[in-house]
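Trainee: Sending over data_2.tsv (TSV, C-alpha atoms).
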chain	number	residue	atom	x	y	z
Y	1	MET	CA	0.00	0.00	0.00
Y	2	ARG	CA	1.11	3.56	-0.71
Y	3	ALA	CA	0.16	6.68	1.26
Y	4	SER	CA	-1.46	7.99	-1.93
Y	5	ASP	CA	-3.76	4.94	-1.97
Y	6	VAL	CA	-5.73	6.42	0.95
Y	7	MET	CA	-4.92	10.16	0.92
Y	8	GLY	CA	-7.83	12.17	-0.43
Y	9	LYS	CA	-10.31	9.29	-0.32
Y	10	ARG	CA	-13.74	9.60	1.27
Y	11	VAL	CA	-14.21	7.58	4.44
Y	12	HIS	CA	-17.46	5.72	5.14
Y	13	CYS	CA	-18.54	4.16	8.42
Y	14	HIS	CA	-21.64	2.19	9.45
Y	15	ASP	CA	-23.84	5.28	9.74
Y	16	GLY	CA	-22.61	7.55	6.96
Y	17	THR	CA	-19.65	9.50	5.67
Y	18	VAL	CA	-16.92	10.63	8.08
Y	19	GLY	CA	-15.05	12.87	5.65
Y	20	THR	CA	-11.89	12.83	3.56
Y	21	VAL	CA	-8.46	11.49	4.51
Y	22	ILE	CA	-6.21	14.54	4.90
Y	23	ASP	CA	-3.25	12.82	6.54
Y	24	LEU	CA	-1.83	9.57	7.88
Y	25	ARG	CA	-0.39	9.52	11.39
Y	26	LEU	CA	2.70	7.50	12.20
Y	27	ASP	CA	3.84	6.35	15.61
Y	28	THR	CA	7.58	6.22	16.28
Y	29	GLY	CA	7.26	4.70	19.74
Y	30	LEU	CA	9.00	7.66	21.43
Y	31	GLN	CA	7.63	9.48	24.46
Y	32	PRO	CA	6.88	13.25	24.30
Y	33	GLY	CA	9.94	15.28	25.29
Y	34	GLN	CA	12.34	12.44	24.64
Y	35	PRO	CA	15.51	13.58	22.82
Y	36	ALA	CA	16.31	12.32	19.32
Y	37	THR	CA	16.59	8.56	19.54
Y	38	GLU	CA	16.98	5.57	17.26
Y	39	VAL	CA	13.60	4.02	16.42
Y	40	SER	CA	13.12	0.68	14.76
Y	41	ASP	CA	10.12	1.49	12.58
Y	42	LEU	CA	7.37	3.95	11.74
Y	43	ARG	CA	4.04	2.30	12.49
Y	44	LEU	CA	0.87	3.46	10.77
Y	45	ASP	CA	-1.26	4.60	13.72
Y	46	GLY	CA	-4.33	5.84	11.87
Y	47	LEU	CA	-5.97	8.31	9.50
Y	48	VAL	CA	-6.76	11.98	10.06
Y	49	VAL	CA	-10.18	12.51	8.49
Y	50	SER	CA	-11.82	15.87	7.90
Y	51	PRO	CA	-15.46	16.41	6.90
Y	52	ALA	CA	-14.74	19.97	5.82
Y	53	HIS	CA	-11.90	19.05	3.47
Y	54	TRP	CA	-10.36	22.50	3.91
Y	55	GLY	CA	-6.93	21.07	3.37
Y	56	GLY	CA	-4.37	20.38	6.05
Y	57	THR	CA	-4.08	21.81	9.51
Y	58	LEU	CA	-0.90	23.76	8.64
Y	59	GLY	CA	0.82	22.35	11.70
Y	60	TYR	CA	-1.73	23.85	14.10
Y	61	ASP	CA	-2.52	20.37	15.38
Y	62	ARG	CA	0.80	20.52	17.25
Y	63	ARG	CA	0.75	21.27	20.95
Y	64	ASP	CA	3.29	24.08	20.71
Y	65	GLN	CA	1.66	26.07	17.90
Y	66	GLY	CA	-0.79	28.87	18.76
Y	67	ARG	CA	0.40	31.87	16.79
Y	68	PRO	CA	-0.67	33.92	15.01
Y	69	TRP	CA	-3.70	33.58	17.24
Y	70	LEU	CA	-6.32	34.53	14.62
Y	71	LEU	CA	-5.04	32.01	12.06
Y	72	TRP	CA	-4.74	29.36	14.77
Y	73	ARG	CA	-8.37	29.90	15.83
Y	74	LEU	CA	-9.54	29.87	12.19
Y	75	VAL	CA	-7.76	26.60	11.37
Y	76	ARG	CA	-8.96	25.01	14.62
Y	77	TRP	CA	-12.55	26.06	13.82
Y	78	LEU	CA	-12.39	24.75	10.25
Y	79	HIS	CA	-11.13	21.42	11.58
Y	80	ARG	CA	-13.35	21.23	14.67
Y	81	ASN	CA	-15.09	18.10	13.36
Y	82	ASP	CA	-11.96	16.26	12.24
Y	83	ARG	CA	-11.77	12.68	13.46
Y	84	PHE	CA	-8.94	10.25	14.09
Y	85	VAL	CA	-9.50	6.76	12.68
Y	86	PRO	CA	-7.26	4.11	14.27
Y	87	TRP	CA	-5.87	1.90	11.50
Y	88	ASP	CA	-7.37	-1.18	13.20
Y	89	LEU	CA	-10.85	0.16	12.38
Y	90	VAL	CA	-10.18	0.29	8.62
Y	91	ASP	CA	-12.04	-2.59	7.00
Y	92	ASP	CA	-11.13	-1.94	3.33
Y	93	TRP	CA	-9.03	0.81	1.73
Y	94	SER	CA	-8.59	-0.70	-1.72
Y	95	GLY	CA	-11.82	0.59	-3.27
Y	96	PRO	CA	-12.83	4.13	-4.25
Y	97	VAL	CA	-13.70	4.86	-0.60
Y	98	VAL	CA	-12.16	3.80	2.71
Y	99	GLN	CA	-14.67	1.60	4.53
Y	100	LEU	CA	-14.56	1.45	8.33
Y	101	ASP	CA	-15.77	-1.24	10.64
Y	102	ALA	CA	-16.99	1.40	13.10
Y	103	SER	CA	-19.70	3.97	13.78
Y	104	LEU	CA	-19.28	7.74	14.04
Y	105	ALA	CA	-19.65	7.48	17.81
Y	106	ASP	CA	-16.58	5.21	17.94
Y	107	LEU	CA	-14.31	7.91	16.49
Y	108	GLN	CA	-12.43	10.39	18.66
Y	109	GLU	CA	-11.07	13.87	18.02
Y	110	VAL	CA	-7.63	14.04	16.44
Y	111	PRO	CA	-5.03	13.86	19.22
Y	112	PRO	CA	-2.58	16.79	19.03
Y	113	LEU	CA	0.87	16.04	17.74
Y	114	ALA	CA	3.53	16.15	20.42
Y	115	ALA	CA	6.13	18.84	19.84
Y	116	ALA	CA	9.78	18.12	19.15
Y	117	PRO	CA	11.89	18.68	22.30
Y	118	HIS	CA	13.62	21.75	20.86
Y	119	GLY	CA	10.62	23.22	19.10
Y	120	GLY	CA	11.70	22.05	15.66
Y	121	ASP	CA	9.25	20.44	13.29
Y	122	GLY	CA	11.33	17.47	12.54
F	1	MET	CA	16.66	5.74	12.10
F	2	LYS	CA	16.89	8.69	14.43
F	3	THR	CA	14.07	11.12	15.19
F	4	SER	CA	12.79	13.22	18.07
F	5	LEU	CA	9.09	13.07	17.19
F	6	PRO	CA	6.80	10.66	19.09
F	7	SER	CA	4.35	10.82	16.20
F	8	MET	CA	4.38	12.41	12.77
F	9	ASP	CA	1.90	13.14	10.03
F	10	VAL	CA	2.86	11.81	6.61
F	11	ASP	CA	1.72	14.85	4.64
F	12	PHE	CA	3.04	17.42	7.09
F	13	HIS	CA	6.33	15.84	8.16
F	14	LEU	CA	7.45	13.66	5.25
F	15	LEU	CA	5.88	14.19	1.84
F	16	ASP	CA	7.85	16.60	-0.37
F	17	ARG	CA	10.74	16.75	2.11
F	18	GLN	CA	14.23	16.70	0.65
F	19	VAL	CA	16.16	13.46	0.84
F	20	VAL	CA	19.93	13.90	1.16
F	21	ASP	CA	22.63	11.25	1.10
F	22	ARG	CA	25.33	10.65	3.74
F	23	ASP	CA	27.47	13.37	2.14
F	24	GLY	CA	24.67	15.96	2.21
F	25	ARG	CA	23.99	15.74	-1.54
F	26	LEU	CA	20.40	16.05	-2.71
F	27	VAL	CA	18.99	12.68	-3.77
F	28	CYS	CA	15.30	13.33	-4.40
F	29	LYS	CA	12.13	14.36	-2.60
F	30	VAL	CA	9.74	12.12	-0.74
F	31	ASP	CA	6.97	11.65	-3.31
F	32	ASP	CA	5.17	8.80	-1.58
F	33	LEU	CA	5.59	6.16	1.11
F	34	GLU	CA	5.23	2.39	0.89
F	35	PHE	CA	3.57	0.45	3.72
F	36	GLU	CA	3.60	-3.28	4.43
F	37	PRO	CA	2.49	-5.42	7.37
F	38	ASP	CA	5.43	-6.55	9.49
F	39	ALA	CA	5.90	-9.95	11.12
F	40	THR	CA	3.61	-8.98	14.00
F	41	GLY	CA	0.83	-7.74	11.71
F	42	ARG	CA	1.46	-4.03	12.32
F	43	THR	CA	1.47	-1.84	9.21
F	44	VAL	CA	4.81	-0.03	8.97
F	45	VAL	CA	6.63	2.22	6.51
F	46	THR	CA	8.94	0.07	4.39
F	47	ALA	CA	10.23	2.51	1.76
F	48	ILE	CA	10.36	6.04	0.41
F	49	LEU	CA	9.12	6.26	-3.18
F	50	ALA	CA	10.37	8.94	-5.53
F	51	GLY	CA	10.19	10.05	-9.12
F	52	PRO	CA	7.39	10.59	-11.65
F	53	ALA	CA	5.96	7.08	-11.11
F	54	ALA	CA	5.39	7.97	-7.43
F	55	LEU	CA	4.36	11.60	-7.85
F	56	GLY	CA	2.02	10.95	-10.79
F	57	PRO	CA	-0.57	8.89	-8.89
F	58	ARG	CA	-0.47	11.46	-6.06
F	59	ILE	CA	-1.27	14.28	-8.47
F	60	GLY	CA	-3.88	12.20	-10.31
F	61	GLY	CA	-5.89	13.20	-13.35
F	62	PRO	CA	-4.51	13.47	-16.90
F	63	LEU	CA	-1.28	15.16	-15.74
F	64	GLY	CA	-0.56	12.40	-13.24
F	65	ARG	CA	-1.23	9.68	-15.82
F	66	TRP	CA	1.00	11.50	-18.32
F	67	MET	CA	3.86	11.65	-15.80
F	68	VAL	CA	3.61	7.91	-15.16
F	69	ALA	CA	3.43	7.17	-18.91
F	70	VAL	CA	6.51	9.29	-19.67
F	71	GLN	CA	8.46	7.61	-16.87
F	72	ALA	CA	7.41	4.18	-18.17
F	73	ARG	CA	8.77	5.11	-21.62
F	74	LEU	CA	12.00	6.73	-20.42
F	75	ARG	CA	13.14	4.02	-18.08
F	76	PRO	CA	15.69	1.26	-18.23
F	77	THR	CA	14.05	-2.06	-19.03
F	78	ASP	CA	15.01	-3.62	-15.69
F	79	GLN	CA	13.22	-1.08	-13.48
F	80	ASP	CA	9.48	-0.91	-13.16
F	81	GLY	CA	7.57	1.58	-11.00
F	82	PRO	CA	9.00	4.38	-8.85
F	83	ALA	CA	12.48	4.65	-7.39
F	84	ARG	CA	12.44	2.92	-4.02
F	85	ILE	CA	14.61	3.76	-1.01
F	86	ALA	CA	14.31	1.14	1.74
F	87	ILE	CA	13.47	2.64	5.13
F	88	ALA	CA	16.46	0.75	6.56
F	89	VAL	CA	18.71	3.19	4.66
F	90	VAL	CA	17.17	6.21	6.42
F	91	LYS	CA	19.56	7.54	9.04
F	92	GLU	CA	17.60	10.50	10.41
F	93	ILE	CA	14.28	12.27	9.93
F	94	GLY	CA	14.43	15.96	10.69
F	95	THR	CA	13.85	19.02	8.56
F	96	ASP	CA	15.06	16.76	5.76
F	97	VAL	CA	15.50	13.01	5.44
F	98	THR	CA	19.13	11.90	5.72
F	99	LEU	CA	20.28	8.56	4.32
F	100	SER	CA	23.18	6.39	5.42
F	101	ALA	CA	23.98	5.56	1.78
F	102	ALA	CA	25.68	7.53	-0.97
F	103	ARG	CA	23.61	8.87	-3.86
F	104	ALA	CA	25.50	6.71	-6.37
F	105	GLU	CA	24.39	3.54	-4.54
F	106	LEU	CA	20.70	4.38	-5.02
F	107	ARG	CA	18.52	3.82	-8.08
F	108	THR	CA	16.83	7.19	-7.94
F	109	HIS	CA	18.11	8.69	-11.19
F	110	GLN	CA	17.44	5.92	-13.69
F	111	THR	CA	15.20	8.08	-15.90
F	112	GLU	CA	17.76	10.89	-15.87
F	113	GLN	CA	20.50	8.45	-16.85
F	114	TRP	CA	18.32	6.97	-19.63
F	115	VAL	CA	17.73	10.45	-21.09
F	116	ASP	CA	21.45	11.19	-20.73
F	117	VAL	CA	22.44	8.10	-22.74
F	118	HIS	CA	19.60	7.93	-25.29
F	119	ALA	CA	18.85	11.61	-25.94
F	120	ILE	CA	21.49	14.05	-24.67
F	121	GLY	CA	24.38	11.75	-25.52
F	122	LYS	CA	23.29	11.56	-29.18
F	123	LEU	CA	23.26	15.31	-29.75
F	124	PRO	CA	26.07	16.62	-31.98
F	125	GLY	CA	28.95	17.71	-29.78
F	126	ALA	CA	27.74	15.77	-26.73
F	127	ASP	CA	30.90	13.64	-26.75
F	128	HIS	CA	33.03	16.60	-25.73
F	129	ALA	CA	30.54	18.37	-23.47
F	130	GLY	CA	32.16	19.95	-20.45
F	131	LYS	CA	35.56	20.26	-22.07
With the file now loaded, output its structure as structure tokens.
Mentor:
Amino acid sequence: MRASDVMGKRVHCHDGTVGTVIDLRLDTGLQPGQPATEVSDLRLDGLVVSPAHWGGTLGYDRRDQGRPWLLWRLVRWLHRNDRFVPWDLVDDWSGPVVQLDASLADLQEVPPLAAAPHGGDG
Amino acid sequence: MKTSLPSMDVDFHLLDRQVVDRDGRLVCKVDDLEFEPDATGRTVVTAILAGPAALGPRIGGPLGRWMVAVQARLRPTDQDGPARIAIAVVKEIGTDVTLSAARAELRTHQTEQWVDVHAIGKLPGADHAGK
């Protein structure tokens, strides 16, 4: 599977459409605040799905980003209904839509990205 | 590989980032990522994909299909699909992606080399270019 196989696809669950895949979240296994460390792999944690499809969150889903305040509030408002879909809940991604084995009520808000220890983005 | 991020978003942190080799030379950009299930059933990143055959499907539409078709025509016969850099070769993920290999060891410029041999190299005067 490629990232492009799911990016931009509509996501359906048992009771309707969740939105569009705007990003894929990877888990490195590190703890927040931990200095740069060797990791063995990058695990696919889940999908970031947005019903608004107003593009990405411009990095405002990170804990340490809140400026400029007006833009931060605007992006947060546009993405207020974004949902995080754990990869385990994806039933089929190979078709024209991503089908979930879940209901809307099973999906949580997108957890904020932990910041890099020195404030960098990478 | 080394990183300081507990989690990262593919589009925000990886796609379109520069990939540099162990000597700091530009190799390519991250055009797509390849995922496979590992031995424990977890889906993990296995490779960075680069080149028109990786970027084309991301762009989609007629332009994306055209990019893939051109790459399929201008490629060596032994390489199909996009250039693939195994994730095991990635040394560090930061503001760019640093590899532990040298650029010459990677198969990321096959199309460029094909054009060099089959098109540029046949132009009059190409045999003494750079002299």
Trainee: Using only C-alpha atoms, which of the listed residues (F:Glu36, F:Asp16, F:Asp21, F:Glu105) sits closest to F:Ala54?
Mentor: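 Between F:Glu36, F:Asp16, F:Asp21, F:Glu105, the residue approaching F:Ala54 most closely is F:Asp16.
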Trainee: Output as an mmCIF file with C-alpha atoms, in the frame of the given file the set of chain F residues within 6 Å of chain Y, with distances taken over only C-alpha atoms.
Mentor:
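out_29.cif was written with the following content:
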data_model
loop_
_atom_site.group_PDB
_atom_site.id
_atom_site.type_symbol
_atom_site.label_atom_id
_atom_site.label_comp_id
_atom_site.auth_asym_id
_atom_site.auth_seq_id
_atom_site.Cartn_x
_atom_site.Cartn_y
_atom_site.Cartn_z
ATOM 1 C CA MET F 1 16.660 5.740 12.100
ATOM 2 C CA LYS F 2 16.890 8.690 14.430
ATOM 3 C CA THR F 3 14.070 11.120 15.190
ATOM 4 C CA SER F 4 12.790 13.220 18.070
ATOM 5 C CA LEU F 5 9.090 13.070 17.190
ATOM 6 C CA PRO F 6 6.800 10.660 19.090
ATOM 7 C CA SER F 7 4.350 10.820 16.200
ATOM 8 C CA MET F 8 4.380 12.410 12.770
ATOM 9 C CA ASP F 9 1.900 13.140 10.030
ATOM 10 C CA VAL F 10 2.860 11.810 6.610
ATOM 11 C CA ASP F 11 1.720 14.850 4.640
ATOM 12 C CA LEU F 33 5.590 6.160 1.110
ATOM 13 C CA GLU F 34 5.230 2.390 0.890
ATOM 14 C CA PHE F 35 3.570 0.450 3.720
ATOM 15 C CA THR F 43 1.470 -1.840 9.210
ATOM 16 C CA VAL F 44 4.810 -0.030 8.970
ATOM 17 C CA VAL F 45 6.630 2.220 6.510
ATOM 18 C CA ARG F 58 -0.470 11.460 -6.060
ATOM 19 C CA GLY F 94 14.430 15.960 10.690
ATOM 20 C CA THR F 95 13.850 19.020 8.560
#
Trainee: Separation of atom CA of F:Pro52 and atom CA of F:His118, in Å?
Mentor: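 Going from atom CA of F:Pro52 over to atom CA of F:His118, I get 18.5 Å.
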Trainee: Report as a ChimeraX atom specification all protein, DNA and RNA residues lying within 12 Å of F:Arg75, evaluated on only C-alpha atoms, omitting residues in the same chain fewer than 2 positions from it.
Mentor: /F:51-53,68-73,77-83,107-118
Trainee: Report as a compact mmCIF listing (two decimals) with C-alpha atoms, in the coordinates of the input all protein, DNA and RNA residues lying within 8 Å of stretch 70-86 of chain Y, evaluated on all atoms listed in the file, omitting residues in the same chain fewer than 5 positions from it.
Mentor:
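And here's selection-v9.txt as it stands now:
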# COMPACT_ATOMS: atom_id res chain seq x y z
CA VAL Y 18 -16.92 10.63 8.08
CA ASP Y 45 -1.26 4.60 13.72
CA GLY Y 46 -4.33 5.84 11.87
CA LEU Y 47 -5.97 8.31 9.50
CA VAL Y 48 -6.76 11.98 10.06
CA VAL Y 49 -10.18 12.51 8.49
CA SER Y 50 -11.82 15.87 7.90
CA PRO Y 51 -15.46 16.41 6.90
CA ALA Y 52 -14.74 19.97 5.82
CA TRP Y 54 -10.36 22.50 3.91
CA THR Y 57 -4.08 21.81 9.51
CA LEU Y 58 -0.90 23.76 8.64
CA TYR Y 60 -1.73 23.85 14.10
CA ASP Y 61 -2.52 20.37 15.38
CA GLN Y 65 1.66 26.07 17.90
CA LEU Y 107 -14.31 7.91 16.49
CA GLN Y 108 -12.43 10.39 18.66
CA GLU Y 109 -11.07 13.87 18.02
CA VAL Y 110 -7.63 14.04 16.44
CA PRO Y 111 -5.03 13.86 19.22
Trainee: Just how far from atom CA of F:Ala119 is atom CA of F:Ala102, in Å to one decimal?
Mentor: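 Going from atom CA of F:Ala102 over to atom CA of F:Ala119 covers 26.2 Å.
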Trainee: Would you please work out which residue, of Y:Leu89, Y:Pro68, Y:Asp106, Y:Val97, is nearest to Y:Val11 when using only C-alpha atoms?
Mentor: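 Using only C-alpha atoms, Y:Val11 sits closest to Y:Val97.
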Trainee: Rounded to one decimal in Å, what is the spacing between atom CA of F:Val90 and atom CA of F:Ala39?
Mentor: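 For atom CA of F:Val90 relative to atom CA of F:Ala39, the distance reads 20.3 Å.
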Trainee: Find the residue from F:Val19, F:Pro57, F:Ile48, F:Asp31 that sits nearest to F:Glu92; use all atoms listed in the file when measuring.
Mentor: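 Answer, going by the shortest atom-to-atom distance: F:Val19.
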Trainee: Need the shell around F:Ile85: protein/DNA/RNA residues with any atom at most 8 Å away, counting all atoms listed in the file. Skip same-chain ones fewer than 4 positions apart. Format as a ChimeraX atom specification?
Mentor: /F:47-49,89,106
Trainee: Would you put the residues from that selection into a file with C-alpha atoms, as an mmCIF file, in the frame of the given file?
Mentor:
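The resulting file, again30.cif, is reproduced below:
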data_model
loop_
_atom_site.group_PDB
_atom_site.id
_atom_site.type_symbol
_atom_site.label_atom_id
_atom_site.label_comp_id
_atom_site.auth_asym_id
_atom_site.auth_seq_id
_atom_site.Cartn_x
_atom_site.Cartn_y
_atom_site.Cartn_z
ATOM 1 C CA ALA F 47 10.230 2.510 1.760
ATOM 2 C CA ILE F 48 10.360 6.040 0.410
ATOM 3 C CA LEU F 49 9.120 6.260 -3.180
ATOM 4 C CA VAL F 89 18.710 3.190 4.660
ATOM 5 C CA LEU F 106 20.700 4.380 -5.020
#
Trainee: For the point (24.1, 8.4, -2.0) in the file's frame, write as a list of chain:residue names all residues with an atom no more than 8 Å away, counting only C-alpha atoms.
Mentor: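 Every polymer residue passing the test: F:Val20, F:Asp21, F:Arg22, F:Asp23, F:Arg25, F:Val27, F:Leu99, F:Ser100, F:Ala101, F:Ala102, F:Arg103, F:Ala104, F:Glu105, F:Leu106.
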Trainee: So that I have them on file, write out the residues from the current selection with C-alpha atoms, as a PDB file, in the coordinates of the input.
Mentor:
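File part-v6.pdb, as written:
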ATOM      1  CA  VAL F  20      19.930  13.900   1.160  1.00  0.00           C
ATOM      2  CA  ASP F  21      22.630  11.250   1.100  1.00  0.00           C
ATOM      3  CA  ARG F  22      25.330  10.650   3.740  1.00  0.00           C
ATOM      4  CA  ASP F  23      27.470  13.370   2.140  1.00  0.00           C
ATOM      5  CA  ARG F  25      23.990  15.740  -1.540  1.00  0.00           C
ATOM      6  CA  VAL F  27      18.990  12.680  -3.770  1.00  0.00           C
ATOM      7  CA  LEU F  99      20.280   8.560   4.320  1.00  0.00           C
ATOM      8  CA  SER F 100      23.180   6.390   5.420  1.00  0.00           C
ATOM      9  CA  ALA F 101      23.980   5.560   1.780  1.00  0.00           C
ATOM     10  CA  ALA F 102      25.680   7.530  -0.970  1.00  0.00           C
ATOM     11  CA  ARG F 103      23.610   8.870  -3.860  1.00  0.00           C
ATOM     12  CA  ALA F 104      25.500   6.710  -6.370  1.00  0.00           C
ATOM     13  CA  GLU F 105      24.390   3.540  -4.540  1.00  0.00           C
ATOM     14  CA  LEU F 106      20.700   4.380  -5.020  1.00  0.00           C
TER      15      LEU F 106
END
